[in-house]
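What follows is protein_28.txt (compact mmCIF, C-alpha atoms).
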# COMPACT_ATOMS: atom_id res chain seq x y z
CA MET A 1 8.08 -23.68 -8.34
CA ALA A 2 9.20 -23.62 -4.71
CA ASP A 3 6.61 -24.09 -1.99
CA GLU A 4 5.81 -21.06 0.19
CA ALA A 5 6.91 -22.84 3.36
CA ASP A 6 10.26 -23.64 1.71
CA ASP A 7 10.67 -20.00 0.66
CA ILE A 8 9.93 -18.82 4.20
CA ARG A 9 12.46 -21.27 5.64
CA ASP A 10 15.10 -20.39 3.04
CA GLY A 11 14.40 -16.66 3.42
CA ARG A 12 14.92 -17.01 7.17
CA ASP A 13 18.28 -18.65 6.40
CA GLY A 14 19.26 -15.62 4.33
CA ASP A 15 18.34 -16.84 0.82
CA GLY A 16 17.56 -13.58 -1.00
CA GLU A 17 16.01 -15.27 -4.02
CA ALA A 18 13.55 -17.18 -1.84
CA TYR A 19 12.50 -13.97 -0.12
CA ARG A 20 12.17 -12.20 -3.48
CA ARG A 21 9.71 -14.92 -4.55
CA LEU A 22 7.68 -14.25 -1.40
CA VAL A 23 7.64 -10.51 -2.16
CA CYS A 24 6.51 -11.14 -5.76
CA ARG A 25 3.78 -13.51 -4.56
CA HIS A 26 2.24 -11.17 -1.98
CA GLN A 27 3.06 -7.60 -3.01
CA HIS A 28 -0.16 -6.96 -4.97
CA GLU A 29 -2.41 -8.13 -2.16
CA ILE A 30 -0.47 -6.06 0.38
CA ALA A 31 -0.62 -3.03 -1.96
CA ARG A 32 -4.38 -3.51 -2.33
CA ARG A 33 -4.79 -3.50 1.44
CA LEU A 34 -2.48 -0.52 1.90
CA ARG A 35 -4.56 1.52 -0.54
CA ARG A 36 -6.82 2.02 2.48
CA PHE A 37 -4.05 4.01 4.14
CA SER A 38 -3.22 6.42 1.33
CA ARG A 39 -4.31 7.50 -2.12
CA ASP A 40 -0.76 8.53 -2.99
CA ARG A 41 0.77 5.96 -5.34
CA LEU A 42 4.32 6.54 -4.11
CA ALA A 43 3.27 6.49 -0.47
CA ILE A 44 1.59 3.12 -1.07
CA GLU A 45 4.73 1.82 -2.79
CA GLU A 46 6.84 3.01 0.12
CA MET A 47 4.54 1.34 2.65
CA VAL A 48 4.63 -1.94 0.70
CA GLN A 49 8.44 -1.81 0.71
CA GLU A 50 8.50 -1.00 4.42
CA THR A 51 6.14 -3.92 5.12
CA PHE A 52 8.37 -6.43 3.33
CA VAL A 53 11.61 -5.07 4.81
CA GLU A 54 10.10 -5.23 8.31
CA ALA A 55 8.79 -8.73 7.55
CA TYR A 56 12.26 -9.87 6.42
CA PHE A 57 13.86 -8.85 9.70
CA SER A 58 10.99 -10.38 11.70
CA LEU A 59 10.86 -13.70 9.82
CA ASP A 60 12.18 -15.53 12.88
CA GLY A 61 9.03 -14.44 14.69
CA TYR A 62 6.72 -16.09 12.15
CA ARG A 63 5.65 -19.35 13.77
CA GLY A 64 3.56 -20.65 10.88
CA ASP A 65 0.36 -21.11 12.89
CA ALA A 66 -1.49 -18.64 10.62
CA PRO A 67 -1.15 -18.15 6.85
CA PHE A 68 1.88 -16.07 5.89
CA GLU A 69 -0.40 -13.54 4.20
CA HIS A 70 -2.26 -12.86 7.47
CA TRP A 71 1.06 -12.28 9.22
CA LEU A 72 2.11 -9.88 6.47
CA HIS A 73 -1.23 -8.11 6.71
CA ARG A 74 -0.65 -7.48 10.44
CA ILE A 75 2.70 -5.87 9.61
CA ALA A 76 1.09 -3.84 6.82
CA VAL A 77 -1.57 -2.54 9.23
CA ARG A 78 1.18 -1.39 11.63
CA VAL A 79 3.05 0.30 8.77
CA GLY A 80 -0.13 2.00 7.51
CA TYR A 81 -1.07 3.16 10.99
CA ARG A 82 2.42 4.64 11.46
CA HIS A 83 1.96 6.44 8.13
CA TRP A 84 -1.26 8.06 9.36
CA LYS A 85 0.32 9.00 12.66
CA SER A 86 3.36 10.57 10.96
CA LYS A 87 1.05 12.50 8.63
CA LYS A 88 -1.01 13.66 11.60
CA SER A 89 2.07 14.85 13.47
CA GLY A 90 3.07 16.81 10.36
CA ARG A 91 6.34 15.05 9.64
CA GLN A 92 7.29 14.84 5.99
CA THR A 93 7.55 11.37 4.57
CA VAL A 94 10.55 10.68 2.37
CA SER A 95 10.63 7.72 0.04
CA ILE A 96 13.45 5.20 0.03
CA ASP A 97 14.93 6.74 -3.10
CA GLY A 98 15.03 10.09 -1.30
CA LYS A 99 12.21 11.73 -3.25
CA SER A 100 9.72 13.64 -1.15
CA LEU A 101 6.11 12.65 -1.45
CA ALA A 102 3.98 15.50 -2.71
CA SER A 103 0.21 15.39 -2.67
CA SER A 104 0.03 15.74 -6.45
CA ARG A 105 0.58 12.02 -6.98
CA HIS A 106 -2.90 10.98 -5.92
CA GLU A 107 -4.79 8.54 -8.08
CA PRO A 108 -7.04 10.20 -10.65
CA ARG A 109 -9.88 11.94 -8.87
CA ASP A 110 -13.05 10.08 -8.29
CA ASP A 111 -15.73 11.96 -6.36
CA ASP A 112 -16.80 9.28 -3.89
CA ALA A 113 -13.27 8.03 -3.30
CA GLU A 114 -12.14 11.58 -2.64
CA LYS A 115 -15.11 12.22 -0.35
CA LEU A 116 -14.39 9.01 1.58
CA HIS A 117 -10.73 9.95 1.89
CA ARG A 118 -11.58 13.43 3.15
CA VAL A 119 -14.04 12.10 5.72
CA LEU A 120 -11.59 9.52 7.04
CA GLU A 121 -8.79 12.08 7.14
CA GLN A 122 -10.74 14.04 9.71
CA LEU A 123 -10.71 11.13 12.13
CA PRO A 124 -7.78 10.54 14.51
CA PRO A 125 -5.57 7.61 13.36
CA ARG A 126 -6.96 5.18 15.96
CA ASP A 127 -10.57 5.87 14.95
CA ARG A 128 -9.66 5.72 11.30
CA LEU A 129 -7.98 2.36 11.77
CA VAL A 130 -10.93 0.79 13.54
CA VAL A 131 -13.40 2.14 10.94
CA THR A 132 -11.22 0.86 8.11
CA LEU A 133 -10.74 -2.62 9.51
CA LEU A 134 -14.14 -3.16 11.08
CA TYR A 135 -16.51 -1.50 8.63
CA LEU A 136 -14.70 -1.13 5.31
CA GLU A 137 -12.69 -4.34 5.27
CA GLU A 138 -15.42 -6.02 7.34
CA HIS A 139 -13.16 -7.86 9.76
CA THR A 140 -14.69 -9.21 12.96
CA VAL A 141 -13.86 -7.63 16.34
CA GLU A 142 -11.55 -10.56 17.05
CA GLU A 143 -9.71 -10.22 13.73
CA THR A 144 -9.42 -6.45 14.23
CA ALA A 145 -7.98 -7.05 17.69
CA LYS A 146 -5.39 -9.42 16.23
CA LEU A 147 -4.50 -7.04 13.42
CA THR A 148 -4.10 -4.02 15.68
CA GLY A 149 -2.69 -5.75 18.76
CA TRP A 150 -5.49 -4.19 20.87
CA SER A 151 -7.83 -6.08 23.18
CA LYS A 152 -11.36 -6.89 21.97
CA THR A 153 -12.78 -4.46 24.54
CA MET A 154 -10.47 -1.75 23.26
CA VAL A 155 -11.64 -2.40 19.68
CA LYS A 156 -15.30 -2.09 20.74
CA VAL A 157 -14.68 1.10 22.73
CA GLN A 158 -12.68 2.63 19.87
CA ALA A 159 -15.38 1.63 17.36
CA PHE A 160 -18.07 3.25 19.52
CA ARG A 161 -16.10 6.51 19.70
CA ALA A 162 -15.28 6.42 15.99
CA ARG A 163 -18.94 5.90 15.07
CA ALA A 164 -19.96 8.89 17.18
CA LYS A 165 -17.42 11.06 15.32
CA LEU A 166 -18.51 9.62 11.97
CA LYS A 167 -22.13 10.41 12.75
CA LYS A 168 -21.19 14.00 13.51
CA LEU A 169 -19.24 14.26 10.26
CA MET A 170 -22.15 12.77 8.30
CA GLN A 171 -24.58 15.30 9.79
CA GLU A 172 -22.22 18.19 9.02
CA ARG A 173 -21.98 17.11 5.39
CA ARG A 174 -25.73 16.91 4.87
CA MET B 1 -28.95 5.79 6.64
CA ASN B 2 -26.66 5.44 9.64
CA GLU B 3 -22.99 6.44 9.70
CA VAL B 4 -21.68 2.94 8.95
CA ALA B 5 -23.98 2.48 5.95
CA TRP B 6 -22.97 5.95 4.76
CA ILE B 7 -19.21 5.23 4.91
CA LYS B 8 -19.77 1.82 3.27
CA SER B 9 -21.75 3.40 0.44
CA LEU B 10 -18.90 5.84 -0.22
CA ASP B 11 -16.43 2.96 -0.17
CA ARG B 12 -18.47 0.84 -2.59
CA ALA B 13 -18.70 3.74 -5.01
CA SER B 14 -14.92 4.28 -4.94
CA VAL B 15 -13.19 2.97 -8.02
CA GLU B 16 -10.15 0.90 -7.14
CA PRO B 17 -7.74 0.52 -10.09
CA ALA B 18 -5.57 -2.59 -10.08
CA SER B 19 -2.15 -1.91 -8.64
CA GLN B 20 0.80 -2.39 -10.96
CA LEU B 21 3.68 -1.97 -8.58
CA ASP B 22 6.76 -4.16 -8.30
CA VAL B 23 8.83 -3.56 -5.20
CA ALA B 24 10.88 -6.79 -5.18
CA ASP B 25 14.12 -5.11 -6.33
CA SER B 26 13.86 -2.17 -3.96
CA VAL B 27 12.96 -4.44 -1.04
CA MET B 28 15.98 -6.66 -1.64
CA ARG B 29 18.21 -3.60 -2.06
CA GLN B 30 17.00 -2.16 1.23
CA VAL B 31 17.35 -5.51 2.99
CA ARG B 32 20.98 -5.77 1.82
CA GLN B 33 21.64 -2.16 2.82
CA SER B 34 20.16 -2.67 6.30
CA ALA B 35 22.11 -5.93 6.73
CA THR B 36 25.34 -4.10 5.79
CA GLU B 37 24.58 -1.32 8.26
CA GLN B 38 24.03 -3.92 10.98
CA THR B 39 27.37 -5.57 10.14
CA GLY B 40 29.02 -2.15 10.23
CA ARG B 41 27.74 -1.68 13.75
CA ASP B 42 29.35 -4.93 14.97
CA PRO B 43 32.83 -3.42 15.69
CA PHE B 44 31.11 -1.17 18.22
CA GLY B 45 29.67 -4.27 19.86
CA ILE B 46 33.13 -5.83 20.09
CA ALA B 47 34.56 -2.58 21.51
CA ALA B 48 31.74 -2.50 24.06
CA LEU B 49 32.53 -6.11 25.06
CA ILE B 50 36.26 -5.32 25.49
CA ALA B 51 35.43 -2.23 27.55
CA THR B 52 33.07 -4.28 29.75
CA LEU B 53 35.73 -6.95 30.34
CA ALA B 54 38.38 -4.29 31.12
CA GLY B 55 35.98 -2.55 33.51
CA GLY B 56 35.19 -5.86 35.22
CA GLY B 57 38.92 -6.59 35.60
CA ALA B 58 39.52 -3.16 37.15
CA VAL B 59 36.69 -3.69 39.66
CA ALA B 60 38.10 -7.14 40.59
CA CYS B 61 41.62 -5.70 41.12
CA ALA B 62 40.21 -2.87 43.21
CA PHE B 63 38.27 -5.31 45.38
CA ILE B 64 41.35 -7.50 45.97
CA GLY B 65 43.40 -4.41 46.84
CA TRP B 66 40.74 -3.13 49.20
CA SER B 67 40.46 -6.53 50.94
CA ALA B 68 44.24 -6.64 51.53
CA PHE B 69 44.43 -3.02 52.67
CA GLN B 70 45.99 -2.52 56.13
CA ASP B 71 44.67 0.53 57.96
CA SER B 72 47.72 2.45 59.27
CA LEU B 73 45.59 4.28 61.85
CA VAL B 74 44.09 1.16 63.33
CA ASN B 75 46.32 1.40 66.49
CA LEU B 76 45.98 5.20 66.86
CA PHE B 77 43.76 5.11 69.95
CA ASP B 78 45.37 2.09 71.64
CA SER B 79 47.22 4.28 74.16
CA VAL B 80 44.01 6.15 75.06
CA LYS B 81 42.17 2.86 75.50
CA LEU B 82 44.95 1.69 77.82
CA VAL B 83 44.59 4.80 80.03
CA LEU B 84 40.80 4.47 80.15
CA GLN B 85 41.10 0.86 81.28
Would you mind giving the structure from this file in structure tokens?
Amino acid sequence: MADEADDIRDGRDGDGEAYRRLVCRHQHEIARRLRRFSRDRLAIEEMVQETFVEAYFSLDGYRGDAPFEHWLHRIAVRVGYRHWKSKKSGRQTVSIDGKSLASSRHEPRDDDAEKLHRVLEQLPPRDRLVVTLLYLEEHTVEETAKLTGWSKTMVKVQAFRARAKLKKLMQERR
Amino acid sequence: MNEVAWIKSLDRASVEPASQLDVADSVMRQVRQSATEQTGRDPFGIAALIATLAGGGAVACAFIGWSAFQDSLVNLFDSVKLVLQ
């Protein structure tokens, strides 16, 4: 079995099979992380695809100073955040195969998951992102800053604002 | 319970089924498609380069012409100058 570093190097040189191996190796972890951004199975699949396509064309930018998975996760966070923003602005998302994504493809209903999703949906994308990364995925401020491309101060300010909105939502629901 | 503990409790209670997706084929298909589209755009790049070179040549010719230009009216006021002197 080829080493990951070899696959990255070969993928960069245009070896499709090497890049396919990388996709197979990381797609489940990326899908697991992207589940935070949508409950729609097809939307998740589309975001995973988008992450790997974007990663392929950015492979030259991967310097190898952090694990490949962390680099992919950063791209996935950007893709997920774009998904939220496009949903917020009311644009319809169309999958790669041209099928539109209807809301009926949510995972089977689960009360708490649905409640969590509804609460988070009421937050603006920036607040939602900071809550997801900082409190649900339990990243540090520094890690969140790296994942989002924001400064650490910005992360703290955004987290403070998001918590205030969350508190209000929690009180409204009680 | 504060707001962070509340959101965490909702998250912990959420059931997360294992994902069964396989996007390798569609990713590779899209990569190939995007690469083909990029190749298809190359002729425009070549046309842009040719147009730039032609434009540059025209500017150079114009500059040479302008430098060698003799103003036919340059001696128009010579007779007036002579009278004033």
Legend entry - Interatomic distance (Å, one decimal) between CA of Val155 (chain A) and CA of Val130 (chain A): 7.0 Å
Legend entry - Distance query 9 Å from (9.8, -3.6, -0.6) using all atoms listed in the file, result as a ChimeraX atom specification: /A:23,27,45-53 /B:22-31
Restricting the output to C-alpha atoms, write the selected residues as a JSON list (two decimals), keeping the file's coordinate frame.
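Saved the output as again-v2.json:
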[["chain", "number", "residue", "atom", "x", "y", "z"],
["A", 23, "VAL", "CA", 7.64, -10.51, -2.16],
["A", 27, "GLN", "CA", 3.06, -7.60, -3.01],
["A", 45, "GLU", "CA", 4.73, 1.82, -2.79],
["A", 46, "GLU", "CA", 6.84, 3.01, 0.12],
["A", 47, "MET", "CA", 4.54, 1.34, 2.65],
["A", 48, "VAL", "CA", 4.63, -1.94, 0.70],
["A", 49, "GLN", "CA", 8.44, -1.81, 0.71],
["A", 50, "GLU", "CA", 8.50, -1.00, 4.42],
["A", 51, "THR", "CA", 6.14, -3.92, 5.12],
["A", 52, "PHE", "CA", 8.37, -6.43, 3.33],
["A", 53, "VAL", "CA", 11.61, -5.07, 4.81],
["B", 22, "ASP", "CA", 6.76, -4.16, -8.30],
["B", 23, "VAL", "CA", 8.83, -3.56, -5.20],
["B", 24, "ALA", "CA", 10.88, -6.79, -5.18],
["B", 25, "ASP", "CA", 14.12, -5.11, -6.33],
["B", 26, "SER", "CA", 13.86, -2.17, -3.96],
["B", 27, "VAL", "CA", 12.96, -4.44, -1.04],
["B", 28, "MET", "CA", 15.98, -6.66, -1.64],
["B", 29, "ARG", "CA", 18.21, -3.60, -2.06],
["B", 30, "GLN", "CA", 17.00, -2.16, 1.23],
["B", 31, "VAL", "CA", 17.35, -5.51, 2.99]]
So that each row is one residue of chain A with an atom at most 6 Å from chain B, can you give its shortest atom pair and the distance in Å to one decimal, using only C-alpha atoms, rows by chain and rising number, as JSON lines?
{"residue": "A:Arg20", "atom": "CA", "partner": "B:Ala24", "partner_atom": "CA", "distance": 5.8}
{"residue": "A:Val23", "atom": "CA", "partner": "B:Ala24", "partner_atom": "CA", "distance": 5.8}
{"residue": "A:Gln49", "atom": "CA", "partner": "B:Val27", "partner_atom": "CA", "distance": 5.5}
{"residue": "A:Asp112", "atom": "CA", "partner": "B:Ser14", "partner_atom": "CA", "distance": 5.4}
{"residue": "A:Ala113", "atom": "CA", "partner": "B:Ser14", "partner_atom": "CA", "distance": 4.4}
{"residue": "A:Leu116", "atom": "CA", "partner": "B:Leu10", "partner_atom": "CA", "distance": 5.8}
{"residue": "A:Leu166", "atom": "CA", "partner": "B:Glu3", "partner_atom": "CA", "distance": 5.9}
{"residue": "A:Lys167", "atom": "CA", "partner": "B:Glu3", "partner_atom": "CA", "distance": 5.1}
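Take CA of Glu4 (chain A) and CA of Ile30 (chain A): the distance between them is 16.3 Å.
Every protein or nucleic acid residue with an atom no more than 9 Å from Arg21 (chain A), counting all atoms listed in the file and leaving out same-chain residues fewer than 2 positions away, appears here: Ala2, Glu4, Asp7, Gly16, Glu17, Ala18, Tyr19, Val23, Cys24, Arg25 and His26 of chain A; Ala24 of chain B.
Atom pair CA of Thr140 (chain A) / CA of His83 (chain A) has a distance of 23.4 Å (rounded to one decimal).
Take the candidates A:Ala76, A:Arg33, A:Asp6, A:Arg39 and check each one against Glu114 (chain A) using only C-alpha atoms; the shortest distance goes to A:Arg39.
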Around region 58-65 of chain B, fit a box with edges along x, y and z, padding it by 5 Å on each side, then list its centre and edge lengths in Å to one decimal as JSON.
{"center_x": 40.0, "center_y": -5.2, "center_z": 42.0, "size_x": 16.7, "size_y": 14.6, "size_z": 19.7}
